[in-house]
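What follows is the content of target_4.cif (mmCIF, N, CA and C atoms).
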```
data_coords
loop_
_atom_site.label_atom_id
_atom_site.label_comp_id
_atom_site.auth_asym_id
_atom_site.auth_seq_id
_atom_site.Cartn_x
_atom_site.Cartn_y
_atom_site.Cartn_z
N MET A 1 0.83 -1.18 0.00
CA MET A 1 0.00 0.00 0.00
C MET A 1 0.88 1.24 0.00
N TRP A 2 0.53 2.20 -0.83
CA TRP A 2 1.27 3.45 -0.94
C TRP A 2 0.94 4.35 0.25
N LYS A 3 1.99 4.94 0.83
CA LYS A 3 1.81 5.89 1.93
C LYS A 3 2.75 7.07 1.71
N PRO A 4 2.21 8.29 1.75
CA PRO A 4 3.09 9.46 1.60
C PRO A 4 3.89 9.70 2.87
N ASN A 5 5.00 10.40 2.73
CA ASN A 5 5.83 10.83 3.85
C ASN A 5 5.35 12.21 4.28
N VAL A 6 4.91 12.32 5.52
CA VAL A 6 4.43 13.61 6.02
C VAL A 6 5.62 14.35 6.60
N THR A 7 5.85 15.56 6.08
CA THR A 7 6.97 16.37 6.51
C THR A 7 6.49 17.78 6.88
N VAL A 8 7.36 18.48 7.58
CA VAL A 8 7.10 19.86 7.98
C VAL A 8 8.29 20.71 7.59
N ALA A 9 8.05 22.01 7.47
CA ALA A 9 9.14 22.95 7.18
C ALA A 9 8.82 24.28 7.85
N ALA A 10 9.87 24.98 8.25
CA ALA A 10 9.73 26.30 8.88
C ALA A 10 10.29 27.37 7.95
N VAL A 11 9.46 28.35 7.63
CA VAL A 11 9.89 29.49 6.83
C VAL A 11 10.03 30.66 7.80
N ILE A 12 11.27 31.05 8.03
CA ILE A 12 11.57 32.09 9.01
C ILE A 12 12.33 33.20 8.30
N GLU A 13 11.77 34.40 8.34
CA GLU A 13 12.38 35.54 7.65
C GLU A 13 12.64 36.64 8.66
N GLU A 14 13.83 37.19 8.60
CA GLU A 14 14.18 38.35 9.40
C GLU A 14 15.00 39.29 8.53
N ALA A 15 14.55 40.53 8.45
CA ALA A 15 15.25 41.58 7.71
C ALA A 15 15.59 41.15 6.28
N GLY A 16 14.64 40.49 5.62
CA GLY A 16 14.84 40.11 4.22
C GLY A 16 15.68 38.87 4.00
N ARG A 17 16.05 38.18 5.05
CA ARG A 17 16.83 36.95 4.94
C ARG A 17 16.05 35.79 5.53
N PHE A 18 16.22 34.62 4.92
CA PHE A 18 15.52 33.42 5.34
C PHE A 18 16.48 32.46 6.02
N LEU A 19 16.02 31.85 7.09
CA LEU A 19 16.82 30.86 7.80
C LEU A 19 16.72 29.53 7.06
N LEU A 20 17.87 29.06 6.60
CA LEU A 20 17.95 27.80 5.87
C LEU A 20 19.03 26.93 6.49
N VAL A 21 19.09 25.70 6.03
CA VAL A 21 20.15 24.81 6.46
C VAL A 21 20.90 24.30 5.24
N GLU A 22 22.20 24.13 5.43
CA GLU A 22 23.02 23.43 4.46
C GLU A 22 23.20 22.03 5.02
N GLU A 23 22.82 21.04 4.22
CA GLU A 23 22.88 19.67 4.68
C GLU A 23 23.54 18.77 3.64
N ARG A 24 24.16 17.70 4.10
CA ARG A 24 24.79 16.72 3.22
C ARG A 24 23.79 15.63 2.89
N ILE A 25 23.51 15.49 1.60
CA ILE A 25 22.64 14.44 1.10
C ILE A 25 23.45 13.65 0.07
N LEU A 26 23.71 12.40 0.38
CA LEU A 26 24.52 11.54 -0.50
C LEU A 26 25.82 12.24 -0.90
N GLY A 27 26.44 12.89 0.06
CA GLY A 27 27.73 13.54 -0.15
C GLY A 27 27.68 14.92 -0.78
N LYS A 28 26.50 15.38 -1.17
CA LYS A 28 26.37 16.69 -1.81
C LYS A 28 25.75 17.70 -0.85
N LEU A 29 26.24 18.94 -0.92
CA LEU A 29 25.71 20.01 -0.08
C LEU A 29 24.40 20.53 -0.67
N LYS A 30 23.33 20.48 0.12
CA LYS A 30 22.01 20.91 -0.32
C LYS A 30 21.47 21.99 0.60
N LEU A 31 20.56 22.80 0.07
CA LEU A 31 19.87 23.85 0.84
C LEU A 31 18.43 23.45 1.06
N ASN A 32 17.93 23.76 2.24
CA ASN A 32 16.53 23.50 2.54
C ASN A 32 16.11 24.39 3.71
N GLN A 33 14.80 24.53 3.89
CA GLN A 33 14.33 25.11 5.13
C GLN A 33 14.63 24.10 6.23
N PRO A 34 14.62 24.53 7.48
CA PRO A 34 14.62 23.55 8.56
C PRO A 34 13.36 22.69 8.34
N ALA A 35 13.55 21.39 8.19
CA ALA A 35 12.44 20.54 7.78
C ALA A 35 12.73 19.09 8.14
N GLY A 36 11.67 18.30 8.18
CA GLY A 36 11.85 16.89 8.44
C GLY A 36 10.52 16.17 8.59
N HIS A 37 10.62 14.92 8.93
CA HIS A 37 9.45 14.04 9.03
C HIS A 37 8.73 14.21 10.37
N VAL A 38 7.43 14.06 10.32
CA VAL A 38 6.63 13.99 11.54
C VAL A 38 6.85 12.60 12.13
N GLU A 39 7.19 12.56 13.41
CA GLU A 39 7.47 11.29 14.07
C GLU A 39 6.20 10.71 14.68
N TYR A 40 6.22 9.42 14.92
CA TYR A 40 5.07 8.73 15.52
C TYR A 40 4.66 9.41 16.83
N GLY A 41 3.37 9.68 16.96
CA GLY A 41 2.83 10.27 18.17
C GLY A 41 3.01 11.77 18.28
N GLU A 42 3.54 12.39 17.27
CA GLU A 42 3.86 13.82 17.29
C GLU A 42 2.85 14.60 16.47
N GLY A 43 2.48 15.78 16.93
CA GLY A 43 1.63 16.66 16.15
C GLY A 43 2.42 17.37 15.07
N ILE A 44 1.72 17.85 14.06
CA ILE A 44 2.37 18.51 12.93
C ILE A 44 3.08 19.79 13.37
N VAL A 45 2.44 20.61 14.17
CA VAL A 45 3.06 21.86 14.63
C VAL A 45 4.26 21.54 15.52
N GLU A 46 4.11 20.58 16.40
CA GLU A 46 5.22 20.19 17.28
C GLU A 46 6.41 19.69 16.48
N ALA A 47 6.15 18.99 15.39
CA ALA A 47 7.23 18.50 14.54
C ALA A 47 8.03 19.66 13.94
N ALA A 48 7.34 20.72 13.53
CA ALA A 48 8.04 21.89 12.96
C ALA A 48 8.92 22.55 14.02
N ILE A 49 8.43 22.63 15.24
CA ILE A 49 9.21 23.21 16.33
C ILE A 49 10.45 22.36 16.58
N ARG A 50 10.26 21.05 16.70
CA ARG A 50 11.38 20.13 16.98
C ARG A 50 12.41 20.14 15.87
N GLU A 51 11.96 20.02 14.62
CA GLU A 51 12.90 19.97 13.50
C GLU A 51 13.73 21.25 13.41
N THR A 52 13.11 22.39 13.63
CA THR A 52 13.84 23.65 13.58
C THR A 52 14.92 23.69 14.65
N LEU A 53 14.58 23.27 15.84
CA LEU A 53 15.55 23.25 16.94
C LEU A 53 16.69 22.27 16.62
N GLU A 54 16.36 21.08 16.16
CA GLU A 54 17.38 20.07 15.89
C GLU A 54 18.32 20.46 14.75
N GLU A 55 17.81 21.22 13.79
CA GLU A 55 18.62 21.54 12.60
C GLU A 55 19.29 22.91 12.67
N THR A 56 18.80 23.81 13.54
CA THR A 56 19.36 25.17 13.57
C THR A 56 19.76 25.65 14.96
N ALA A 57 19.28 25.01 16.00
CA ALA A 57 19.45 25.41 17.40
C ALA A 57 18.55 26.60 17.77
N TYR A 58 17.71 27.05 16.85
CA TYR A 58 16.76 28.13 17.15
C TYR A 58 15.44 27.55 17.63
N ARG A 59 14.82 28.23 18.60
CA ARG A 59 13.49 27.86 19.07
C ARG A 59 12.47 28.59 18.19
N PHE A 60 11.65 27.82 17.50
CA PHE A 60 10.69 28.30 16.53
C PHE A 60 9.30 28.36 17.15
N VAL A 61 8.60 29.47 16.89
CA VAL A 61 7.22 29.64 17.33
C VAL A 61 6.36 29.79 16.08
N PRO A 62 5.70 28.71 15.64
CA PRO A 62 4.84 28.79 14.45
C PRO A 62 3.66 29.72 14.69
N ARG A 63 3.37 30.56 13.71
CA ARG A 63 2.25 31.50 13.81
C ARG A 63 1.17 31.21 12.76
N PHE A 64 1.62 30.73 11.57
CA PHE A 64 0.70 30.52 10.45
C PHE A 64 1.12 29.29 9.66
N LEU A 65 0.16 28.70 8.98
CA LEU A 65 0.44 27.70 7.96
C LEU A 65 0.56 28.46 6.65
N ILE A 66 1.63 28.24 5.94
CA ILE A 66 1.82 28.90 4.63
C ILE A 66 1.12 28.09 3.55
N GLY A 67 1.27 26.78 3.60
CA GLY A 67 0.66 25.94 2.60
C GLY A 67 1.00 24.48 2.82
N MET A 68 0.35 23.65 2.02
CA MET A 68 0.60 22.20 2.02
C MET A 68 1.02 21.84 0.61
N TYR A 69 2.06 21.05 0.50
CA TYR A 69 2.70 20.79 -0.79
C TYR A 69 2.88 19.29 -0.99
N GLN A 70 2.61 18.82 -2.20
CA GLN A 70 2.85 17.42 -2.54
C GLN A 70 3.92 17.38 -3.62
N TRP A 71 4.91 16.50 -3.42
CA TRP A 71 6.01 16.40 -4.39
C TRP A 71 6.60 15.01 -4.39
N SER A 72 6.89 14.52 -5.58
CA SER A 72 7.59 13.24 -5.76
C SER A 72 8.88 13.51 -6.52
N PRO A 73 10.03 13.08 -5.99
CA PRO A 73 11.29 13.30 -6.71
C PRO A 73 11.25 12.56 -8.05
N PRO A 74 11.69 13.20 -9.12
CA PRO A 74 11.64 12.57 -10.44
C PRO A 74 12.38 11.23 -10.50
N GLU A 75 13.47 11.13 -9.73
CA GLU A 75 14.25 9.90 -9.75
C GLU A 75 13.61 8.78 -8.91
N ARG A 76 12.60 9.13 -8.11
CA ARG A 76 11.90 8.15 -7.28
C ARG A 76 10.41 8.48 -7.24
N PRO A 77 9.71 8.32 -8.38
CA PRO A 77 8.31 8.73 -8.44
C PRO A 77 7.38 7.97 -7.49
N GLU A 78 7.82 6.83 -6.98
CA GLU A 78 6.99 6.08 -6.03
C GLU A 78 7.02 6.70 -4.63
N LEU A 79 7.93 7.64 -4.42
CA LEU A 79 8.09 8.32 -3.14
C LEU A 79 7.38 9.67 -3.20
N THR A 80 6.49 9.92 -2.26
CA THR A 80 5.76 11.18 -2.24
C THR A 80 5.90 11.85 -0.88
N TYR A 81 6.14 13.13 -0.91
CA TYR A 81 6.22 13.94 0.30
C TYR A 81 5.01 14.86 0.36
N LEU A 82 4.39 14.93 1.53
CA LEU A 82 3.35 15.92 1.81
C LEU A 82 3.93 16.85 2.86
N ARG A 83 4.20 18.08 2.46
CA ARG A 83 4.86 19.04 3.34
C ARG A 83 3.87 20.07 3.85
N PHE A 84 3.92 20.29 5.16
CA PHE A 84 3.19 21.37 5.81
C PHE A 84 4.22 22.44 6.14
N ALA A 85 4.11 23.61 5.53
CA ALA A 85 5.08 24.69 5.73
C ALA A 85 4.48 25.77 6.63
N PHE A 86 5.25 26.13 7.65
CA PHE A 86 4.81 27.09 8.65
C PHE A 86 5.68 28.34 8.62
N ALA A 87 5.06 29.47 8.92
CA ALA A 87 5.79 30.72 9.14
C ALA A 87 5.67 31.06 10.61
N GLY A 88 6.70 31.72 11.12
CA GLY A 88 6.64 32.09 12.52
C GLY A 88 7.84 32.91 12.93
N ASP A 89 8.05 32.94 14.22
CA ASP A 89 9.09 33.76 14.82
C ASP A 89 10.09 32.88 15.56
N LEU A 90 11.20 33.49 15.89
CA LEU A 90 12.20 32.81 16.71
C LEU A 90 12.11 33.31 18.14
N ALA A 91 12.33 32.39 19.08
CA ALA A 91 12.27 32.74 20.50
C ALA A 91 13.58 32.37 21.17
N GLY A 92 14.67 32.73 20.52
CA GLY A 92 15.98 32.46 21.10
C GLY A 92 16.70 31.32 20.41
N VAL A 93 17.92 31.12 20.87
CA VAL A 93 18.78 30.09 20.30
C VAL A 93 19.44 29.34 21.45
N GLU A 94 19.67 28.07 21.25
CA GLU A 94 20.38 27.25 22.24
C GLU A 94 21.85 27.20 21.82
N ALA A 95 22.60 28.16 22.29
CA ALA A 95 24.02 28.26 21.94
C ALA A 95 24.74 26.97 22.32
N GLY A 96 25.57 26.50 21.41
CA GLY A 96 26.35 25.30 21.66
C GLY A 96 25.62 24.01 21.37
N ARG A 97 24.37 24.08 20.98
CA ARG A 97 23.60 22.86 20.68
C ARG A 97 24.21 22.15 19.48
N VAL A 98 24.37 20.86 19.57
CA VAL A 98 24.86 20.04 18.45
C VAL A 98 23.70 19.82 17.49
N LEU A 99 23.92 20.14 16.21
CA LEU A 99 22.88 19.99 15.20
C LEU A 99 22.83 18.56 14.69
N ASP A 100 21.72 18.21 14.03
CA ASP A 100 21.59 16.88 13.43
C ASP A 100 22.83 16.56 12.61
N ALA A 101 23.16 15.30 12.55
CA ALA A 101 24.41 14.84 11.94
C ALA A 101 24.59 15.28 10.48
N ASP A 102 23.53 15.32 9.70
CA ASP A 102 23.66 15.67 8.29
C ASP A 102 23.65 17.18 8.03
N ILE A 103 23.43 17.97 9.05
CA ILE A 103 23.39 19.43 8.91
C ILE A 103 24.79 20.00 9.06
N GLU A 104 25.23 20.73 8.03
CA GLU A 104 26.54 21.39 8.08
C GLU A 104 26.45 22.67 8.91
N GLN A 105 25.41 23.49 8.60
CA GLN A 105 25.22 24.74 9.32
C GLN A 105 23.89 25.37 8.95
N ALA A 106 23.43 26.26 9.82
CA ALA A 106 22.29 27.12 9.51
C ALA A 106 22.83 28.38 8.86
N VAL A 107 22.11 28.88 7.85
CA VAL A 107 22.54 30.08 7.13
C VAL A 107 21.35 31.00 6.91
N TRP A 108 21.62 32.29 6.81
CA TRP A 108 20.61 33.29 6.50
C TRP A 108 20.87 33.81 5.10
N LEU A 109 19.90 33.64 4.19
CA LEU A 109 20.07 34.05 2.80
C LEU A 109 18.87 34.85 2.32
N THR A 110 19.13 35.81 1.44
CA THR A 110 18.04 36.53 0.78
C THR A 110 17.44 35.62 -0.29
N ARG A 111 16.28 36.00 -0.80
CA ARG A 111 15.67 35.21 -1.87
C ARG A 111 16.61 35.16 -3.07
N ASP A 112 17.23 36.28 -3.42
CA ASP A 112 18.15 36.30 -4.56
C ASP A 112 19.32 35.35 -4.35
N GLU A 113 19.84 35.28 -3.13
CA GLU A 113 20.93 34.34 -2.84
C GLU A 113 20.45 32.90 -2.93
N VAL A 114 19.21 32.65 -2.53
CA VAL A 114 18.64 31.31 -2.65
C VAL A 114 18.52 30.93 -4.12
N VAL A 115 18.01 31.84 -4.93
CA VAL A 115 17.86 31.59 -6.37
C VAL A 115 19.22 31.33 -7.01
N ALA A 116 20.24 32.10 -6.61
CA ALA A 116 21.58 31.94 -7.18
C ALA A 116 22.19 30.57 -6.87
N ARG A 117 21.66 29.92 -5.85
CA ARG A 117 22.18 28.59 -5.48
C ARG A 117 21.18 27.49 -5.85
N ALA A 118 20.43 27.69 -6.93
CA ALA A 118 19.36 26.77 -7.33
C ALA A 118 19.84 25.33 -7.49
N GLU A 119 21.07 25.14 -7.94
CA GLU A 119 21.58 23.78 -8.14
C GLU A 119 21.73 23.03 -6.82
N GLN A 120 21.69 23.75 -5.71
CA GLN A 120 21.82 23.12 -4.39
C GLN A 120 20.48 22.89 -3.70
N HIS A 121 19.37 23.31 -4.31
CA HIS A 121 18.07 23.14 -3.66
C HIS A 121 17.77 21.66 -3.47
N ARG A 122 17.35 21.29 -2.28
CA ARG A 122 17.01 19.90 -2.02
C ARG A 122 15.78 19.50 -2.82
N SER A 123 14.87 20.44 -3.01
CA SER A 123 13.66 20.19 -3.79
C SER A 123 13.09 21.52 -4.26
N PRO A 124 12.12 21.47 -5.19
CA PRO A 124 11.47 22.71 -5.62
C PRO A 124 10.61 23.32 -4.52
N LEU A 125 10.38 22.59 -3.46
CA LEU A 125 9.57 23.11 -2.35
C LEU A 125 10.25 24.27 -1.64
N LEU A 126 11.58 24.28 -1.64
CA LEU A 126 12.34 25.35 -0.98
C LEU A 126 11.89 26.72 -1.47
N LEU A 127 11.99 26.95 -2.75
CA LEU A 127 11.64 28.27 -3.31
C LEU A 127 10.13 28.48 -3.32
N ALA A 128 9.36 27.43 -3.53
CA ALA A 128 7.89 27.56 -3.53
C ALA A 128 7.41 28.08 -2.18
N CYS A 129 7.97 27.57 -1.10
CA CYS A 129 7.55 28.01 0.23
C CYS A 129 7.96 29.47 0.48
N ILE A 130 9.16 29.83 0.07
CA ILE A 130 9.60 31.22 0.21
C ILE A 130 8.70 32.15 -0.59
N ASP A 131 8.39 31.76 -1.82
CA ASP A 131 7.56 32.62 -2.67
C ASP A 131 6.13 32.72 -2.14
N ASP A 132 5.58 31.63 -1.64
CA ASP A 132 4.23 31.70 -1.07
C ASP A 132 4.22 32.57 0.19
N TYR A 133 5.24 32.44 1.00
CA TYR A 133 5.36 33.30 2.19
C TYR A 133 5.44 34.77 1.75
N SER A 134 6.30 35.05 0.77
CA SER A 134 6.49 36.43 0.30
C SER A 134 5.22 37.00 -0.34
N ALA A 135 4.39 36.12 -0.91
CA ALA A 135 3.13 36.54 -1.53
C ALA A 135 2.03 36.76 -0.48
N GLY A 136 2.35 36.49 0.78
CA GLY A 136 1.39 36.74 1.84
C GLY A 136 0.49 35.58 2.22
N CYS A 137 0.82 34.38 1.76
CA CYS A 137 0.00 33.21 2.14
C CYS A 137 0.11 32.99 3.65
N ARG A 138 -1.00 33.07 4.33
CA ARG A 138 -1.04 32.90 5.78
C ARG A 138 -2.39 32.28 6.14
N TYR A 139 -2.36 31.13 6.75
CA TYR A 139 -3.57 30.46 7.19
C TYR A 139 -3.46 30.22 8.70
N SER A 140 -4.54 30.44 9.39
CA SER A 140 -4.55 30.25 10.84
C SER A 140 -4.18 28.81 11.18
N LEU A 141 -3.44 28.64 12.26
CA LEU A 141 -3.11 27.30 12.72
C LEU A 141 -4.36 26.53 13.14
N GLU A 142 -5.45 27.25 13.35
CA GLU A 142 -6.72 26.60 13.71
C GLU A 142 -7.25 25.72 12.58
N ILE A 143 -6.72 25.91 11.37
CA ILE A 143 -7.15 25.06 10.24
C ILE A 143 -6.70 23.61 10.46
N LEU A 144 -5.67 23.42 11.30
CA LEU A 144 -5.17 22.08 11.59
C LEU A 144 -5.90 21.55 12.82
N ARG A 145 -6.57 20.45 12.67
CA ARG A 145 -7.31 19.85 13.78
C ARG A 145 -6.70 18.51 14.10
N ASP A 146 -6.14 18.41 15.27
CA ASP A 146 -5.44 17.20 15.72
C ASP A 146 -6.32 16.47 16.73
N PHE A 147 -6.89 15.37 16.33
CA PHE A 147 -7.79 14.61 17.20
C PHE A 147 -7.03 13.67 18.13
N ASP A 148 -5.70 13.62 18.00
CA ASP A 148 -4.89 12.81 18.90
C ASP A 148 -4.47 13.59 20.15
N ARG A 149 -4.72 14.85 20.20
CA ARG A 149 -4.28 15.69 21.32
C ARG A 149 -5.45 16.02 22.23
#
```
Target encoding structure tokens, full file:
Amino acid sequence: MWKPNVTVAAVIEEAGRFLLVEERILGKLKLNQPAGHVEYGEGIVEAAIRETLEETAYRFVPRFLIGMYQWSPPERPELTYLRFAFAGDLAGVEAGRVLDADIEQAVWLTRDEVVARAEQHRSPLLLACIDDYSAGCRYSLEILRDFDR
């Protein structure tokens, strides 16, 4: 039976720069939002908070849902990701926190700098989420109803 991979991403912008991560995927340096899979027993919003902390050491406070995205990598069409992208604020950083093993570093880039590094995008979702955020897409978190909580 086919099952999509449910993922989350955090779109965080400060002074025209977006918080991204540089990560090693199969030996190549890739760019992405702080993002990852929802774990068993975890809520979608909580997953975005956890992934952001694990990948950047920043404490993320989600304020809005930007959008939901479906994508299958061309080289693996049987694999599908359903991404919930959130916008929000930062509430501090845990200095000295060790980041996830595949994360090289957190970086702040403008949209133009992100576009200039297109060959490093982990997926087309990276720029789509930035552009939707920049276009003002904002949905109340109340749209998400978690019956497990």
Legend entry - strand (DSSP E) per DSSP on the backbone: members of range 59-93 of chain A, as a count of residues only: 26
Inset, instruction - Point out the residue among A:Glu14, A:Ile143, A:Glu54, A:Asn5 with the least atom-to-atom distance to His37 in chain A, counting only N, CA and C atoms. - result: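 Selected residue with least distance to His37 in chain A: A:Asn5.
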Inset, instruction - Name the residues that the PyMOL selection byres (((chain A and resi 85 and name CA) around 8) and name CA) pulls out of this structure, and write them as a list in words. - result: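 This file gives the following for the PyMOL selection byres (((chain A and resi 85 and name CA) around 8) and name CA): Val8, Ala9, Ala10, Val11, Leu65, Ile66, Gly67, Met68, Tyr69, Arg83, Phe84, Phe86, Ala87 and Cys129 of chain A.
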I need the residues from that last selection saved to file as an mmCIF file, in the coordinates of the input (with N, CA and C atoms), if you can.
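The result, stored in out-v9.cif:
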```cif
data_model
loop_
_atom_site.group_PDB
_atom_site.id
_atom_site.type_symbol
_atom_site.label_atom_id
_atom_site.label_comp_id
_atom_site.auth_asym_id
_atom_site.auth_seq_id
_atom_site.Cartn_x
_atom_site.Cartn_y
_atom_site.Cartn_z
ATOM 1 N N VAL A 8 7.360 18.480 7.580
ATOM 2 C CA VAL A 8 7.100 19.860 7.980
ATOM 3 C C VAL A 8 8.290 20.710 7.590
ATOM 4 N N ALA A 9 8.050 22.010 7.470
ATOM 5 C CA ALA A 9 9.140 22.950 7.180
ATOM 6 C C ALA A 9 8.820 24.280 7.850
ATOM 7 N N ALA A 10 9.870 24.980 8.250
ATOM 8 C CA ALA A 10 9.730 26.300 8.880
ATOM 9 C C ALA A 10 10.290 27.370 7.950
ATOM 10 N N VAL A 11 9.460 28.350 7.630
ATOM 11 C CA VAL A 11 9.890 29.490 6.830
ATOM 12 C C VAL A 11 10.030 30.660 7.800
ATOM 13 N N LEU A 65 0.160 28.700 8.980
ATOM 14 C CA LEU A 65 0.440 27.700 7.960
ATOM 15 C C LEU A 65 0.560 28.460 6.650
ATOM 16 N N ILE A 66 1.630 28.240 5.940
ATOM 17 C CA ILE A 66 1.820 28.900 4.630
ATOM 18 C C ILE A 66 1.120 28.090 3.550
ATOM 19 N N GLY A 67 1.270 26.780 3.600
ATOM 20 C CA GLY A 67 0.660 25.940 2.600
ATOM 21 C C GLY A 67 1.000 24.480 2.820
ATOM 22 N N MET A 68 0.350 23.650 2.020
ATOM 23 C CA MET A 68 0.600 22.200 2.020
ATOM 24 C C MET A 68 1.020 21.840 0.610
ATOM 25 N N TYR A 69 2.060 21.050 0.500
ATOM 26 C CA TYR A 69 2.700 20.790 -0.790
ATOM 27 C C TYR A 69 2.880 19.290 -0.990
ATOM 28 N N ARG A 83 4.200 18.080 2.460
ATOM 29 C CA ARG A 83 4.860 19.040 3.340
ATOM 30 C C ARG A 83 3.870 20.070 3.850
ATOM 31 N N PHE A 84 3.920 20.290 5.160
ATOM 32 C CA PHE A 84 3.190 21.370 5.810
ATOM 33 C C PHE A 84 4.220 22.440 6.140
ATOM 34 N N PHE A 86 5.250 26.130 7.650
ATOM 35 C CA PHE A 86 4.810 27.090 8.650
ATOM 36 C C PHE A 86 5.680 28.340 8.620
ATOM 37 N N ALA A 87 5.060 29.470 8.920
ATOM 38 C CA ALA A 87 5.790 30.720 9.140
ATOM 39 C C ALA A 87 5.670 31.060 10.610
ATOM 40 N N CYS A 129 7.970 27.570 -1.100
ATOM 41 C CA CYS A 129 7.550 28.010 0.230
ATOM 42 C C CYS A 129 7.960 29.470 0.480
#
```
Counting all atoms listed in the file, which residues in range 3-77 of chain A sit no more than 7 Å from range 99-102 of chain A? For each one, give the nearest pair of atoms and the distance in Å, sorted by chain then residue number, as a tab-separated table.
```
residue	atom	partner	partner_atom	distance
A:Glu22	C	A:Asp102	C	5.7
A:Glu23	CA	A:Asp102	C	4.2
A:Arg24	N	A:Asp102	C	4.0
A:Ile25	N	A:Asp102	C	6.6
A:Leu53	C	A:Leu99	CA	6.7
A:Glu54	C	A:Asp100	N	4.1
A:Glu55	CA	A:Asp100	N	4.8
A:Thr56	N	A:Leu99	CA	5.8
A:Ala57	N	A:Leu99	CA	6.2
```
Inset, instruction - Find the distance between CA of Cys137 in chain A and atom C of His121 in chain A and write it in Å to one decimal. - result: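 According to the coordinates, CA of Cys137 in chain A and atom C of His121 in chain A are separated by 21.9 Å.
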Inset, instruction - Within 6.5 Å of Tyr81 in chain A, counting all atoms listed in the file, which residues show up once you throw out same-chain ones fewer than 3 positions away? Write them as a list in words, please. - result: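 Near neighbours after the sequence-gap exclusion: Pro4, Asn5, Val6, Thr7, Tyr69, Gln70, Trp71, Ser72 and Pro73 of chain A.
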Inset, instruction - State, in Å with one decimal place, the distance from CA of Val115 in chain A to CA of Leu31 in chain A. - result: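 Interatomic distance here is 10.8 Å.
Taking only N, CA and C atoms into account, Ile12 in chain A lies nearest to A:Ile130 out of the set A:Ala116, A:Ile130, A:Ala106, A:Leu125.
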Legend entry - Which of range 4-77 of chain A DSSP labels helix (DSSP H, G or I), written as a PyMOL selection string: chain A and resi 44-56
Legend entry - Picked residues, the PyMOL selection byres (((chain A and resi 32 and name CA) around 6) and name CA), expected as a PyMOL selection string: chain A and resi 20-21+31+33+122+126
Inset, instruction - Counting all atoms listed in the file, select every polymer residue within 6.5 Å of (10.1, 23.8, 13.4) as defined in the file's coordinates, and provide the selection as a PyMOL selection string. - result: chain A and resi 9-10+34+46-53+60
Would you mind exporting the chosen residues as a PDB file, in the frame of the given file, restricted to N, CA and C atoms?
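Contents of selection13.pdb, as written:
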```
ATOM      1  N   ALA A   9       8.050  22.010   7.470  1.00  0.00           N
ATOM      2  CA  ALA A   9       9.140  22.950   7.180  1.00  0.00           C
ATOM      3  C   ALA A   9       8.820  24.280   7.850  1.00  0.00           C
ATOM      4  N   ALA A  10       9.870  24.980   8.250  1.00  0.00           N
ATOM      5  CA  ALA A  10       9.730  26.300   8.880  1.00  0.00           C
ATOM      6  C   ALA A  10      10.290  27.370   7.950  1.00  0.00           C
ATOM      7  N   PRO A  34      14.620  24.530   7.480  1.00  0.00           N
ATOM      8  CA  PRO A  34      14.620  23.550   8.560  1.00  0.00           C
ATOM      9  C   PRO A  34      13.360  22.690   8.340  1.00  0.00           C
ATOM     10  N   GLU A  46       4.110  20.580  16.400  1.00  0.00           N
ATOM     11  CA  GLU A  46       5.220  20.190  17.280  1.00  0.00           C
ATOM     12  C   GLU A  46       6.410  19.690  16.480  1.00  0.00           C
ATOM     13  N   ALA A  47       6.150  18.990  15.390  1.00  0.00           N
ATOM     14  CA  ALA A  47       7.230  18.500  14.540  1.00  0.00           C
ATOM     15  C   ALA A  47       8.030  19.660  13.940  1.00  0.00           C
ATOM     16  N   ALA A  48       7.340  20.720  13.530  1.00  0.00           N
ATOM     17  CA  ALA A  48       8.040  21.890  12.960  1.00  0.00           C
ATOM     18  C   ALA A  48       8.920  22.550  14.020  1.00  0.00           C
ATOM     19  N   ILE A  49       8.430  22.630  15.240  1.00  0.00           N
ATOM     20  CA  ILE A  49       9.210  23.210  16.330  1.00  0.00           C
ATOM     21  C   ILE A  49      10.450  22.360  16.580  1.00  0.00           C
ATOM     22  N   ARG A  50      10.260  21.050  16.700  1.00  0.00           N
ATOM     23  CA  ARG A  50      11.380  20.130  16.980  1.00  0.00           C
ATOM     24  C   ARG A  50      12.410  20.140  15.870  1.00  0.00           C
ATOM     25  N   GLU A  51      11.960  20.020  14.620  1.00  0.00           N
ATOM     26  CA  GLU A  51      12.900  19.970  13.500  1.00  0.00           C
ATOM     27  C   GLU A  51      13.730  21.250  13.410  1.00  0.00           C
ATOM     28  N   THR A  52      13.110  22.390  13.630  1.00  0.00           N
ATOM     29  CA  THR A  52      13.840  23.650  13.580  1.00  0.00           C
ATOM     30  C   THR A  52      14.920  23.690  14.650  1.00  0.00           C
ATOM     31  N   LEU A  53      14.580  23.270  15.840  1.00  0.00           N
ATOM     32  CA  LEU A  53      15.550  23.250  16.940  1.00  0.00           C
ATOM     33  C   LEU A  53      16.690  22.270  16.620  1.00  0.00           C
ATOM     34  N   PHE A  60      11.650  27.820  17.500  1.00  0.00           N
ATOM     35  CA  PHE A  60      10.690  28.300  16.530  1.00  0.00           C
ATOM     36  C   PHE A  60       9.300  28.360  17.150  1.00  0.00           C
TER      37      PHE A  60
END
```
Inset, instruction - Name the residues that the PyMOL selection byres ((chain A and resi 17) around 6.5) picks from the file above, as a list in words, using the file's chain letters and numbers. - result: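 This file gives the following for the PyMOL selection byres ((chain A and resi 17) around 6.5): Ile12, Glu13, Glu14, Ala15, Gly16, Phe18, Leu19, Trp108, Leu109, Thr110 and Arg111 of chain A.
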Inset, instruction - Rank A:Leu79, A:Val114, A:Val61, A:Leu127 by their smallest atom-to-atom distance to Gly92 in chain A, using all atoms listed in the file, and report the top residue only. - result: A:Val61
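In this structure, CA of Leu29 in chain A sits 21.1 Å away from CA of Arg97 in chain A.
When only C-alpha atoms are used to measure the gap to Arg145 in chain A, the shortest distance among A:Gly96, A:Arg76, A:Val45, A:Ser123 belongs to A:Val45.
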Legend entry - Nearest to Ser140 in chain A, chosen from A:Leu26, A:Gly88, A:Glu78, A:Gly36, with only C-alpha atoms counted in the distances: A:Gly88
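Minimum distance to Ala91 in chain A across A:Glu113, A:Glu104, A:Tyr58, A:Ala128 (counting only N, CA and C atoms) occurs at A:Tyr58.
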